[in-house]
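Undergrad: mmCIF, C-alpha atoms and all ligand atoms, file coords-v4.cif:
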data_final
loop_
_atom_site.group_PDB
_atom_site.id
_atom_site.type_symbol
_atom_site.label_atom_id
_atom_site.label_comp_id
_atom_site.auth_asym_id
_atom_site.auth_seq_id
_atom_site.Cartn_x
_atom_site.Cartn_y
_atom_site.Cartn_z
ATOM 1 C CA MET A 1 16.567 5.004 7.510
ATOM 2 C CA ASN A 2 13.992 4.964 10.310
ATOM 3 C CA GLU A 3 13.973 1.867 12.511
ATOM 4 C CA SER A 4 11.254 2.591 15.063
ATOM 5 C CA HIS A 5 7.850 1.036 14.869
ATOM 6 C CA ASP A 6 5.723 4.103 15.576
ATOM 7 C CA ALA A 7 7.158 7.469 14.571
ATOM 8 C CA THR A 8 6.291 10.566 12.586
ATOM 9 C CA THR A 9 8.731 13.016 11.052
ATOM 10 C CA GLY A 10 7.570 15.801 8.760
ATOM 11 C CA ASP A 11 7.785 13.560 5.681
ATOM 12 C CA MET A 12 7.376 10.092 7.027
ATOM 13 C CA LEU A 13 5.036 8.034 9.161
ATOM 14 C CA THR A 14 5.966 4.597 10.441
ATOM 15 C CA LEU A 15 3.014 2.832 11.965
ATOM 16 C CA ALA A 16 3.016 -0.498 13.773
ATOM 17 C CA LEU A 17 0.307 -2.822 12.457
ATOM 18 C CA ARG A 18 -0.759 -5.779 14.589
ATOM 19 C CA LEU A 19 -2.499 -8.599 12.772
ATOM 20 C CA ARG A 20 -4.636 -10.133 15.504
ATOM 21 C CA ARG A 21 -6.223 -13.543 15.122
ATOM 22 C CA ALA A 22 -7.850 -15.950 17.538
ATOM 23 C CA GLU A 23 -4.670 -18.069 17.477
ATOM 24 C CA GLY A 24 -2.198 -15.209 18.001
ATOM 25 C CA GLU A 25 -0.750 -12.051 16.501
ATOM 26 C CA ASP A 26 1.668 -11.244 13.676
ATOM 27 C CA ALA A 27 3.582 -7.982 13.347
ATOM 28 C CA ALA A 28 3.388 -5.868 10.196
ATOM 29 C CA GLN A 29 4.462 -2.301 9.459
ATOM 30 C CA ILE A 30 2.927 0.550 7.499
ATOM 31 C CA VAL A 31 5.099 3.391 6.174
ATOM 32 C CA LEU A 32 3.744 6.502 4.476
ATOM 33 C CA MET A 33 6.233 8.875 2.928
ATOM 34 C CA ARG A 34 6.103 12.186 1.100
ATOM 35 C CA ASP A 35 8.730 12.848 -1.549
ATOM 36 C CA GLY A 36 10.560 15.254 0.780
ATOM 37 C CA ALA A 37 11.797 12.211 2.719
ATOM 38 C CA LEU A 38 13.753 11.026 -0.276
ATOM 39 C CA LEU A 39 15.143 14.463 -1.023
ATOM 40 C CA ARG A 40 16.381 14.569 2.544
ATOM 41 C CA GLU A 41 18.000 11.130 2.121
ATOM 42 C CA ALA A 42 19.533 12.128 -1.224
ATOM 43 C CA GLY A 43 20.978 15.185 0.470
ATOM 44 C CA ASP A 44 22.878 12.933 2.874
ATOM 45 C CA GLU A 45 26.458 12.100 1.972
ATOM 46 C CA ALA A 46 25.706 8.651 0.603
ATOM 47 C CA GLY A 47 22.449 9.521 -1.215
ATOM 48 C CA ASP A 48 20.674 6.656 -3.007
ATOM 49 C CA GLU A 49 23.676 4.351 -2.713
ATOM 50 C CA ALA A 50 23.095 3.992 1.009
ATOM 51 C CA TRP A 51 19.845 2.124 0.535
ATOM 52 C CA LEU A 52 19.248 1.258 -3.134
ATOM 53 C CA HIS A 53 20.116 -2.242 -4.383
ATOM 54 C CA GLY A 54 22.264 -2.368 -7.549
ATOM 55 C CA ALA A 55 19.488 -4.026 -9.572
ATOM 56 C CA GLU A 56 17.002 -1.384 -8.403
ATOM 57 C CA ALA A 57 19.427 1.366 -9.426
ATOM 58 C CA LEU A 58 19.593 -0.154 -12.925
ATOM 59 C CA THR A 59 15.788 -0.317 -13.108
ATOM 60 C CA ALA A 60 15.523 3.317 -11.993
ATOM 61 C CA ASP A 61 18.208 4.442 -14.466
ATOM 62 C CA ALA A 62 16.347 2.751 -17.329
ATOM 63 C CA MET A 63 13.201 4.800 -16.649
ATOM 64 C CA ARG A 64 12.727 7.550 -19.213
ATOM 65 C CA SER A 65 10.350 9.641 -17.173
ATOM 66 C CA ALA A 66 11.765 11.513 -14.189
ATOM 67 C CA SER A 67 8.409 11.335 -12.411
ATOM 68 C CA ALA A 68 8.174 7.543 -12.873
ATOM 69 C CA ARG A 69 11.701 7.232 -11.509
ATOM 70 C CA ALA A 70 10.858 9.411 -8.511
ATOM 71 C CA ARG A 71 7.722 7.327 -7.798
ATOM 72 C CA PHE A 72 9.653 4.092 -8.088
ATOM 73 C CA LEU A 73 12.391 5.304 -5.729
ATOM 74 C CA LEU A 74 9.958 6.683 -3.159
ATOM 75 C CA GLY A 75 7.986 3.421 -3.114
ATOM 76 C CA ARG A 76 11.151 1.330 -2.754
ATOM 77 C CA TYR A 77 12.397 3.563 0.050
ATOM 78 C CA ALA A 78 9.072 3.404 1.922
ATOM 79 C CA ALA A 79 8.938 -0.391 1.527
ATOM 80 C CA LYS A 80 12.500 -0.792 2.804
ATOM 81 C CA CYS A 81 11.766 1.413 5.815
ATOM 82 C CA ALA A 82 8.791 -0.846 6.571
ATOM 83 C CA LEU A 83 10.945 -3.979 6.208
ATOM 84 C CA LYS A 84 13.687 -2.495 8.378
ATOM 85 C CA ALA A 85 11.234 -1.616 11.132
ATOM 86 C CA LEU A 86 10.414 -5.332 11.352
ATOM 87 C CA ARG A 87 14.009 -6.553 10.828
ATOM 88 C CA PRO A 88 16.297 -3.851 12.262
ATOM 89 C CA GLN A 89 19.446 -5.779 11.268
ATOM 90 C CA LEU A 90 18.501 -5.593 7.586
ATOM 91 C CA ALA A 91 20.904 -3.743 5.272
ATOM 92 C CA PRO A 92 18.606 -1.886 2.832
ATOM 93 C CA GLN A 93 21.064 -1.924 -0.082
ATOM 94 C CA GLU A 94 21.148 -5.729 0.151
ATOM 95 C CA VAL A 95 17.385 -5.962 -0.274
ATOM 96 C CA GLU A 96 16.126 -6.047 -3.829
ATOM 97 C CA ILE A 97 12.429 -5.370 -4.298
ATOM 98 C CA ARG A 98 12.045 -6.816 -7.756
ATOM 99 C CA ARG A 99 9.087 -6.450 -10.086
ATOM 100 C CA GLY A 100 7.411 -9.815 -10.564
ATOM 101 C CA VAL A 101 5.849 -10.856 -13.856
ATOM 102 C CA PHE A 102 2.564 -9.153 -12.940
ATOM 103 C CA GLY A 103 4.304 -5.994 -11.709
ATOM 104 C CA GLN A 104 3.978 -7.129 -8.093
ATOM 105 C CA PRO A 105 6.777 -6.315 -5.651
ATOM 106 C CA VAL A 106 8.945 -9.330 -4.765
ATOM 107 C CA VAL A 107 11.351 -9.039 -1.831
ATOM 108 C CA VAL A 108 14.647 -10.772 -2.609
ATOM 109 C CA CYS A 109 16.989 -10.921 0.385
ATOM 110 C CA PRO A 110 17.825 -13.727 2.804
ATOM 111 C CA GLN A 111 17.849 -11.274 5.747
ATOM 112 C CA ALA A 112 14.219 -10.375 5.060
ATOM 113 C CA GLY A 113 13.174 -13.960 5.720
ATOM 114 C CA ASP A 114 9.484 -14.518 5.031
ATOM 115 C CA LEU A 115 8.577 -10.829 4.667
ATOM 116 C CA ALA A 116 6.695 -9.421 1.689
ATOM 117 C CA VAL A 117 5.521 -5.892 0.817
ATOM 118 C CA SER A 118 2.655 -4.120 -0.905
ATOM 119 C CA ILE A 119 3.204 -0.631 -2.339
ATOM 120 C CA ALA A 120 1.026 2.258 -3.544
ATOM 121 C CA HIS A 121 1.863 5.664 -5.022
ATOM 122 C CA CYS A 122 -0.353 8.691 -4.858
ATOM 123 C CA ASP A 123 0.649 12.160 -6.011
ATOM 124 C CA GLY A 124 3.979 12.664 -4.225
ATOM 125 C CA LEU A 125 3.206 10.140 -1.518
ATOM 126 C CA ALA A 126 4.170 6.482 -1.234
ATOM 127 C CA ALA A 127 2.523 3.937 1.032
ATOM 128 C CA ALA A 128 4.009 0.567 1.837
ATOM 129 C CA VAL A 129 3.149 -2.256 4.150
ATOM 130 C CA ALA A 130 5.557 -5.040 5.121
ATOM 131 C CA PHE A 131 4.100 -8.291 6.422
ATOM 132 C CA PRO A 132 4.803 -12.015 6.765
ATOM 133 C CA GLN A 133 4.090 -13.765 3.447
ATOM 134 C CA GLY A 134 1.834 -16.165 5.290
ATOM 135 C CA HIS A 135 -0.408 -13.281 6.322
ATOM 136 C CA PRO A 136 -1.130 -11.438 3.048
ATOM 137 C CA LEU A 137 -2.013 -7.739 2.874
ATOM 138 C CA GLY A 138 -2.647 -5.240 0.078
ATOM 139 C CA ILE A 139 -2.478 -1.450 0.314
ATOM 140 C CA ASP A 140 -3.817 1.415 -1.774
ATOM 141 C CA VAL A 141 -4.094 5.208 -1.543
ATOM 142 C CA GLU A 142 -5.995 7.477 -3.926
ATOM 143 C CA ILE A 143 -6.754 11.188 -4.189
ATOM 144 C CA VAL A 144 -10.527 11.296 -3.752
ATOM 145 C CA ALA A 145 -11.015 14.133 -6.246
ATOM 146 C CA SER A 146 -8.992 12.303 -8.913
ATOM 147 C CA VAL A 147 -11.279 9.256 -9.005
ATOM 148 C CA ASP A 148 -13.495 9.810 -11.987
ATOM 149 C CA ALA A 149 -16.991 8.590 -11.069
ATOM 150 C CA GLU A 150 -17.721 7.756 -14.731
ATOM 151 C CA THR A 151 -14.694 5.423 -14.929
ATOM 152 C CA ALA A 152 -15.326 4.093 -11.432
ATOM 153 C CA ARG A 153 -18.875 3.071 -12.416
ATOM 154 C CA GLY A 154 -17.269 0.504 -14.725
ATOM 155 C CA PHE A 155 -15.684 -1.161 -11.702
ATOM 156 C CA VAL A 156 -18.051 -0.396 -8.818
ATOM 157 C CA ALA A 157 -21.784 -1.160 -8.716
ATOM 158 C CA PRO A 158 -24.095 1.253 -6.864
ATOM 159 C CA HIS A 159 -25.006 -1.374 -4.233
ATOM 160 C CA GLU A 160 -21.298 -1.715 -3.334
ATOM 161 C CA LEU A 161 -20.976 1.924 -2.247
ATOM 162 C CA ALA A 162 -20.795 2.949 1.389
ATOM 163 C CA PRO A 163 -24.118 4.494 2.458
ATOM 164 C CA GLY A 164 -24.102 8.072 3.671
ATOM 165 C CA LEU A 165 -21.076 9.276 1.716
ATOM 166 C CA ALA A 166 -20.913 11.773 -1.126
ATOM 167 C CA PRO A 167 -20.708 9.830 -4.421
ATOM 168 C CA GLN A 168 -17.120 10.760 -5.213
ATOM 169 C CA GLU A 169 -15.839 9.670 -1.814
ATOM 170 C CA ALA A 170 -17.926 6.500 -1.922
ATOM 171 C CA TYR A 171 -16.503 5.581 -5.353
ATOM 172 C CA ALA A 172 -12.956 6.454 -4.270
ATOM 173 C CA ARG A 173 -13.168 4.237 -1.204
ATOM 174 C CA ALA A 174 -14.674 1.324 -3.090
ATOM 175 C CA TRP A 175 -12.053 1.694 -5.853
ATOM 176 C CA CYS A 176 -9.293 1.768 -3.265
ATOM 177 C CA ALA A 177 -10.646 -1.321 -1.494
ATOM 178 C CA LYS A 178 -10.775 -3.230 -4.790
ATOM 179 C CA GLU A 179 -7.231 -2.235 -5.741
ATOM 180 C CA SER A 180 -5.971 -3.379 -2.349
ATOM 181 C CA LEU A 181 -7.422 -6.869 -2.914
ATOM 182 C CA GLY A 182 -6.263 -6.790 -6.564
ATOM 183 C CA LYS A 183 -2.723 -6.406 -5.235
ATOM 184 C CA ILE A 184 -3.043 -9.447 -2.976
ATOM 185 C CA LEU A 185 -4.479 -11.477 -5.861
ATOM 186 C CA ARG A 186 -1.871 -10.007 -8.284
ATOM 187 C CA CYS A 187 -4.583 -9.189 -10.841
ATOM 188 C CA GLY A 188 -5.006 -5.500 -10.005
ATOM 189 C CA LEU A 189 -8.360 -4.264 -11.252
ATOM 190 C CA ALA A 190 -8.053 -6.441 -14.366
ATOM 191 C CA ALA A 191 -10.339 -9.087 -12.939
ATOM 192 C CA PRO A 192 -13.640 -10.422 -14.274
ATOM 193 C CA SER A 193 -16.703 -8.464 -13.242
ATOM 194 C CA GLY A 194 -17.731 -9.548 -9.754
ATOM 195 C CA ALA A 195 -14.327 -10.977 -8.793
ATOM 196 C CA LEU A 196 -13.599 -7.989 -6.557
ATOM 197 C CA ALA A 197 -17.216 -7.342 -5.460
ATOM 198 C CA LEU A 198 -17.641 -5.645 -2.082
ATOM 199 C CA ALA A 199 -20.101 -6.157 0.744
ATOM 200 C CA GLY A 200 -19.519 -3.144 2.973
ATOM 201 C CA GLU A 201 -20.765 -2.492 6.480
ATOM 202 C CA ALA A 202 -22.067 0.771 7.919
ATOM 203 C CA LEU A 203 -19.483 3.489 8.458
ATOM 204 C CA GLN A 204 -17.823 3.469 11.885
ATOM 205 C CA GLY A 205 -16.392 6.940 12.402
ATOM 206 C CA ALA A 206 -13.729 7.452 9.725
ATOM 207 C CA ALA A 207 -13.553 3.738 8.907
ATOM 208 C CA TRP A 208 -15.525 1.798 6.335
ATOM 209 C CA ARG A 209 -15.043 -1.955 6.598
ATOM 210 C CA GLY A 210 -16.419 -4.889 4.687
ATOM 211 C CA ARG A 211 -15.849 -8.243 3.001
ATOM 212 C CA PHE A 212 -15.115 -9.308 -0.558
ATOM 213 C CA VAL A 213 -18.060 -11.327 -1.850
ATOM 214 C CA ALA A 214 -16.180 -13.649 -4.219
ATOM 215 C CA HIS A 215 -13.132 -13.916 -1.940
ATOM 216 C CA ASP A 216 -14.725 -14.039 1.460
ATOM 217 C CA GLN A 217 -11.485 -15.087 3.107
ATOM 218 C CA TYR A 218 -10.510 -11.402 2.664
ATOM 219 C CA ALA A 219 -11.878 -8.193 4.171
ATOM 220 C CA PHE A 220 -11.020 -4.515 3.865
ATOM 221 C CA VAL A 221 -10.827 -1.322 5.855
ATOM 222 C CA THR A 222 -10.815 2.099 4.215
ATOM 223 C CA LEU A 223 -10.178 5.485 5.798
ATOM 224 C CA ARG A 224 -10.570 8.908 4.333
ATOM 225 C CA ALA A 225 -8.500 11.958 5.199
ATOM 226 C CA GLN A 226 -9.319 15.322 3.632
ATOM 227 C CA GLU A 227 -7.803 14.631 0.215
ATOM 228 C CA ARG A 228 -6.925 10.974 0.223
ATOM 229 C CA ALA A 229 -8.572 7.612 0.686
ATOM 230 C CA PHE A 230 -6.573 4.726 2.130
ATOM 231 C CA ALA A 231 -7.388 1.012 1.966
ATOM 232 C CA LEU A 232 -5.944 -2.141 3.436
ATOM 233 C CA ALA A 233 -7.113 -5.605 2.366
ATOM 234 C CA HIS A 234 -6.442 -8.363 4.871
ATOM 235 C CA PRO A 235 -7.526 -11.905 5.752
ATOM 236 C CA ALA A 236 -11.115 -11.728 6.993
ATOM 237 C CA ARG A 237 -10.442 -13.440 10.314
ATOM 238 C CA THR A 238 -7.576 -11.035 11.029
ATOM 239 C CA GLN A 239 -8.220 -7.827 12.942
ATOM 240 C CA PRO A 240 -5.747 -5.196 11.687
ATOM 241 C CA LEU A 241 -4.857 -2.941 14.612
ATOM 242 C CA PHE A 242 -3.101 0.346 13.968
ATOM 243 C CA ASP A 243 -3.368 3.961 15.053
ATOM 244 C CA GLU A 244 -5.978 5.193 12.565
ATOM 245 C CA ALA A 245 -5.892 8.756 13.908
ATOM 246 C CA ARG A 246 -2.155 9.083 13.252
ATOM 247 C CA LEU A 247 -2.558 7.685 9.765
ATOM 248 C CA LEU A 248 -5.354 10.152 9.003
ATOM 249 C CA ALA A 249 -3.379 13.060 10.440
ATOM 250 C CA PHE A 250 -0.416 12.236 8.205
ATOM 251 C CA LEU A 251 -2.496 11.646 5.083
ATOM 252 C CA GLY A 252 -4.004 15.131 5.559
HETATM 253 C C1 LIG B 301 -1.874 -3.169 -10.347
HETATM 254 C C2 LIG B 301 -2.681 -1.901 -10.087
HETATM 255 C C3 LIG B 301 -3.783 -2.240 -9.094
HETATM 256 C C4 LIG B 301 -1.781 -0.829 -9.474
HETATM 257 O O1 LIG B 301 -2.547 0.321 -9.210
HETATM 258 P P1 LIG B 301 -2.107 1.788 -9.687
HETATM 259 O O2 LIG B 301 -3.175 2.733 -9.228
HETATM 260 O O3 LIG B 301 -1.730 1.748 -11.110
HETATM 261 O O4 LIG B 301 -0.798 2.076 -8.900
HETATM 262 P P2 LIG B 301 -0.537 2.105 -7.330
HETATM 263 O O5 LIG B 301 0.288 3.294 -7.102
HETATM 264 O O6 LIG B 301 -1.771 1.960 -6.529
HETATM 265 O O7 LIG B 301 0.334 0.799 -7.104
HETATM 266 C C5 LIG B 301 1.543 0.648 -7.796
HETATM 267 C C6 LIG B 301 2.276 -0.481 -7.144
HETATM 268 O O8 LIG B 301 1.452 -1.652 -7.159
HETATM 269 C C7 LIG B 301 2.292 -2.781 -7.175
HETATM 270 N N1 LIG B 301 1.772 -3.666 -8.202
HETATM 271 C C8 LIG B 301 1.774 -3.478 -9.528
HETATM 272 N N2 LIG B 301 1.200 -4.539 -10.121
HETATM 273 C C9 LIG B 301 0.838 -5.389 -9.136
HETATM 274 C C10 LIG B 301 0.210 -6.673 -9.130
HETATM 275 N N3 LIG B 301 -0.162 -7.289 -10.260
HETATM 276 N N4 LIG B 301 0.002 -7.260 -7.943
HETATM 277 C C11 LIG B 301 0.384 -6.673 -6.783
HETATM 278 N N5 LIG B 301 0.986 -5.447 -6.728
HETATM 279 C C12 LIG B 301 1.200 -4.840 -7.913
HETATM 280 C C13 LIG B 301 3.706 -2.311 -7.469
HETATM 281 O O9 LIG B 301 4.484 -2.384 -6.282
HETATM 282 C C14 LIG B 301 3.520 -0.871 -7.910
HETATM 283 O O10 LIG B 301 4.561 -0.018 -7.539
HETATM 284 P P3 LIG B 301 6.033 -0.153 -8.222
HETATM 285 O O11 LIG B 301 5.805 -0.302 -9.682
HETATM 286 O O12 LIG B 301 6.740 1.095 -7.844
HETATM 287 O O13 LIG B 301 6.630 -1.386 -7.594
HETATM 288 C C15 LIG B 301 -3.293 -1.328 -11.381
HETATM 289 O O14 LIG B 301 -2.238 -0.867 -12.188
HETATM 290 C C16 LIG B 301 -4.097 -2.306 -12.209
HETATM 291 O O15 LIG B 301 -5.202 -2.666 -11.864
HETATM 292 N N6 LIG B 301 -3.543 -2.668 -13.333
HETATM 293 C C17 LIG B 301 -4.244 -3.496 -14.294
HETATM 294 C C18 LIG B 301 -4.025 -4.909 -14.057
HETATM 295 C C19 LIG B 301 -2.641 -5.347 -14.274
HETATM 296 O O16 LIG B 301 -1.816 -4.680 -14.819
HETATM 297 N N7 LIG B 301 -2.409 -6.574 -13.816
HETATM 298 C C20 LIG B 301 -1.147 -7.194 -13.932
HETATM 299 C C21 LIG B 301 -1.362 -8.479 -14.697
HETATM 300 S S1 LIG B 301 -0.210 -8.632 -16.008
#
Translate this structure into structure tokens?

TA:
Amino acid sequence: MNESHDATTGDMLTLALRLRRAEGEDAAQIVLMRDGALLREAGDEAGDEAWLHGAEALTADAMRSASARARFLLGRYAAKCALKALRPQLAPQEVEIRRGVFGQPVVVCPQAGDLAVSIAHCDGLAAAVAFPQGHPLGIDVEIVASVDAETARGFVAPHELAPGLAPQEAYARAWCAKESLGKILRCGLAAPSGALALAGEALQGAAWRGRFVAHDQYAFVTLRAQERAFALAHPARTQPLFDEARLLAFLG
């Protein structure tokens, strides 16, 4: 399991995330992982047992669909790599990332202290961010081409879209931004109309940033690689600092 803060292997990106505020900085960690990373781990002598908590193994075993199981495992592995980058002494098999009553990930482990995680899955890729509970974050990744504009119109109003983007990308980024806040709020996209409304700024290079109208204590940043859109929701007075170019290069 990778312990460094900033590293890329073929299947895995670990990216330091600094949460800068006027009063100081908190450390967080982003991990992106393709399913090859898990195959490599499973090929090691110990396989899943080296990192999977007993309760997580039971949850995975109870899953009927092999693809759902693979997604679950990849997300758990990515989240534990992110936790371990912040707490190198952590024993991954002693960390349970439980599903809360809303489906949200709940980190159960004394060694993890105040850390929490947010997780996203996207077509053979998992994204996770680990952060102090007191400094909430939400993450999402989507394949741009898979966001159906017709469905997205039910969740995103035209005035919320980033100007200057092709419609599909604009909808994908707005969708992603809303899901990232939905994860912080624990409601996902199942929120009343307007609850996740966006007020975006002009594009700045690859980044599209903005605020959430009804929750203006939160803001978002979205990035778009060739196929995928990425979003991070964060407290509005926090500046999330990470190497955007490396994230985009890995997302591909
Ligand atoms: C929650 C939701 C945003 C997840 O988005 P998605 O595109 O389906 O899936 P993603 O790959 O982006 O994210 C999945 C991860 O989100 C996390 N997640 C699921 N529900 C969550 C919630 N309510 N709050 C925060 N995180 C949540 C989980 O970690 C999950 O991965 P895991 O099951 O392997 O642990 C989406 O399913 C949704 O809007 N659902 C409808 C609302 C809903 O179910 N609300 C729960 C209230 S009962």

Undergrad: Using only C-alpha atoms, which of A:Ala130, A:Ala7, A:Ala145, A:Leu74 sits nearest Gln29 in chain A?

TA: A:Ala130

Undergrad: Neighbouring residues of ligand LIG 301 (chain B) are defined here as those with any atom at most 6 Å from a ligand atom, counting all atoms listed in the file; list them as a list of chain:residue names.

TA: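 What falls inside 6 Å of ligand LIG 301 (chain B) is A:Phe72, A:Gly75, A:Phe102, A:Gly103, A:Gln104, A:Pro105, A:Ser118, A:Ile119, A:Ala120, A:His121, A:Cys122, A:Asp140, A:Glu179, A:Gly182, A:Lys183, A:Ile184, A:Arg186, A:Cys187, A:Gly188, A:Leu189, A:Ala190.
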
Undergrad: Show me, as a tab-separated table, the residues of range 149-247 of chain A having an atom within 6 Å of range 13-27 of chain A, each with the closest atom pair and its distance in Å, using only C-alpha atoms.

TA:
residue	atom	partner	partner_atom	distance
A:Thr238	CA	A:Arg21	CA	5.0
A:Gln239	CA	A:Arg20	CA	5.0
A:Pro240	CA	A:Leu19	CA	4.8
A:Leu241	CA	A:Arg18	CA	5.0
A:Phe242	CA	A:Leu17	CA	4.9

Undergrad: Return the single residue from A:Ala199, A:Ala206, A:Met12, A:Leu223 that is closest to Ala126 in chain A, with distances computed using all atoms listed in the file.

TA: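 Distance minimum relative to Ala126 in chain A lands on A:Met12.
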
Undergrad: Which one is closest to Val107 in chain A: A:Gln133, A:Thr8, A:Thr222, A:Gln89? Count only C-alpha atoms.

TA: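 Of the candidates, the smallest distance to Val107 in chain A is held by A:Gln133.
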
Undergrad: Rank A:Ala70, A:Ala172, A:Val106, A:Cys81 by their smallest atom-to-atom distance to Ser146 in chain A, using all atoms listed in the file, and report the top residue only.

TA: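 Counting all atoms listed in the file, the residue closest to Ser146 in chain A is A:Ala172.
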
Undergrad: Do a neighbour search on Ala37 in chain A at 10 Å with only C-alpha atoms, toss out local chain neighbours closer than 6 positions, and write the hits as an NGL selection string.

TA: :A and (1 or 9-12 or 43 or 74 or 77-78 or 125)

Undergrad: Can you measure CA of Ala66 in chain A to CA of Cys109 in chain A for me? One decimal in Å is fine.

TA: 27.3 Å

Undergrad: Please, what distance in Å, to one decimal, runs between CA of Ala207 in chain A and CA of Gly124 in chain A?

TA: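 Straight-line distance from CA of Ala207 in chain A to CA of Gly124 in chain A works out to 23.7 Å.
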
Undergrad: Under the PyMOL selection byres (((chain A and resi 111) around 8) and not hetatm), which residues of this model are included? Write them out as a ChimeraX atom specification.

TA: /A:87,89-90,109-110,112-113

Undergrad: Quick one: of A:Ala50, A:Ile97, A:Ala85, A:Leu251, who's nearest to Asp6 in chain A, counting only C-alpha atoms?

TA: A:Ala85

Undergrad: For Phe212 in chain A, list every protein, DNA or RNA residue within 9 Å, evaluated using all atoms listed in the file, and leave out those in the same chain fewer than 4 positions away; present the list as a list of chain:residue names.

TA: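 The contact residues come out as A:Lys178, A:Leu181, A:Ala195, A:Leu196, A:Ala197, A:Leu198, A:Ala199, A:Gly200, A:Asp216, A:Gln217, A:Tyr218, A:Ala219, A:Phe220, A:Ala236.
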
Undergrad: To one decimal place in Å, what is the distance between CA of Ala127 in chain A and CA of Met33 in chain A?

TA: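 Atom-to-atom, CA of Ala127 in chain A and CA of Met33 in chain A are spaced 6.5 Å apart.
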
Undergrad: Given only C-alpha atoms as the basis, pick out the residue of A:Val147, A:Asp123, A:Val101, A:Arg224 nearest to Ser67 in chain A.

TA: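 The answer is A:Asp123, which sits nearest to Ser67 in chain A.
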
Undergrad: With the file shown as input, list the residues that the PyMOL selection byres (((chain A and resi 96) around 9) and not hetatm) selects, as a list of chain:residue names.

TA: A:Leu52, A:His53, A:Gly54, A:Ala55, A:Glu56, A:Arg76, A:Pro92, A:Gln93, A:Glu94, A:Val95, A:Ile97, A:Arg98, A:Val106, A:Val107, A:Val108, A:Cys109

Undergrad: Can you list what the PyMOL selection byres (((chain A and resi 252) around 9) and not hetatm) grabs from this structure, as a list in words?

TA: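 Selection result, ordered by chain and number: Ala225, Gln226, Glu227, Arg228, Leu247, Leu248, Ala249, Phe250 and Leu251 of chain A.
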
Undergrad: Can you pull out the residues contacting Pro158 in chain A? Cut-off 12 Å, using all atoms listed in the file, and skip same-chain residues under 2 positions away; I want them as a ChimeraX atom specification.

TA: /A:149,152-156,160-163,167-168,170-171,174,197-200

Undergrad: Give me the box for range 88-103 of chain A as AutoDock Vina command-line options, namely the centre and edge lengths in Å to one decimal of a box along x, y and z that holds every listed atom plus 3 Å on each side.

TA:
--center_x 11.9 --center_y -6.4 --center_z -0.8 --size_x 24.6 --size_y 15.0 --size_z 32.1

Undergrad: Provide range 84-95 of chain A rebuilt to N, CA and C atoms, formatted as a PDB file, keeping the file's coordinate frame.

TA:
ATOM      1  N   LYS A  84      12.646  -2.706   7.365  1.00  0.00           N
ATOM      2  CA  LYS A  84      13.687  -2.495   8.378  1.00  0.00           C
ATOM      3  C   LYS A  84      13.093  -2.307   9.772  1.00  0.00           C
ATOM      4  N   ALA A  85      11.891  -1.754   9.822  1.00  0.00           N
ATOM      5  CA  ALA A  85      11.234  -1.616  11.132  1.00  0.00           C
ATOM      6  C   ALA A  85      10.939  -2.991  11.735  1.00  0.00           C
ATOM      7  N   LEU A  86      10.682  -3.978  10.855  1.00  0.00           N
ATOM      8  CA  LEU A  86      10.414  -5.332  11.352  1.00  0.00           C
ATOM      9  C   LEU A  86      11.690  -6.154  11.532  1.00  0.00           C
ATOM     10  N   ARG A  87      12.720  -5.836  10.761  1.00  0.00           N
ATOM     11  CA  ARG A  87      14.009  -6.553  10.828  1.00  0.00           C
ATOM     12  C   ARG A  87      15.118  -5.514  10.912  1.00  0.00           C
ATOM     13  N   PRO A  88      15.355  -4.976  12.117  1.00  0.00           N
ATOM     14  CA  PRO A  88      16.297  -3.851  12.262  1.00  0.00           C
ATOM     15  C   PRO A  88      17.710  -4.159  11.748  1.00  0.00           C
ATOM     16  N   GLN A  89      18.083  -5.442  11.705  1.00  0.00           N
ATOM     17  CA  GLN A  89      19.446  -5.779  11.268  1.00  0.00           C
ATOM     18  C   GLN A  89      19.600  -5.728   9.748  1.00  0.00           C
ATOM     19  N   LEU A  90      18.499  -5.529   9.054  1.00  0.00           N
ATOM     20  CA  LEU A  90      18.501  -5.593   7.586  1.00  0.00           C
ATOM     21  C   LEU A  90      19.321  -4.452   6.961  1.00  0.00           C
ATOM     22  N   ALA A  91      20.143  -4.773   5.993  1.00  0.00           N
ATOM     23  CA  ALA A  91      20.904  -3.743   5.272  1.00  0.00           C
ATOM     24  C   ALA A  91      20.121  -3.392   4.003  1.00  0.00           C
ATOM     25  N   PRO A  92      19.542  -2.200   3.922  1.00  0.00           N
ATOM     26  CA  PRO A  92      18.606  -1.886   2.832  1.00  0.00           C
ATOM     27  C   PRO A  92      19.186  -2.084   1.426  1.00  0.00           C
ATOM     28  N   GLN A  93      20.473  -1.786   1.257  1.00  0.00           N
ATOM     29  CA  GLN A  93      21.064  -1.924  -0.082  1.00  0.00           C
ATOM     30  C   GLN A  93      21.233  -3.383  -0.489  1.00  0.00           C
ATOM     31  N   GLU A  94      21.067  -4.298   0.479  1.00  0.00           N
ATOM     32  CA  GLU A  94      21.148  -5.729   0.151  1.00  0.00           C
ATOM     33  C   GLU A  94      19.774  -6.323  -0.128  1.00  0.00           C
ATOM     34  N   VAL A  95      18.750  -5.506   0.012  1.00  0.00           N
ATOM     35  CA  VAL A  95      17.385  -5.962  -0.274  1.00  0.00           C
ATOM     36  C   VAL A  95      17.014  -5.495  -1.668  1.00  0.00           C
TER      37      VAL A  95
END
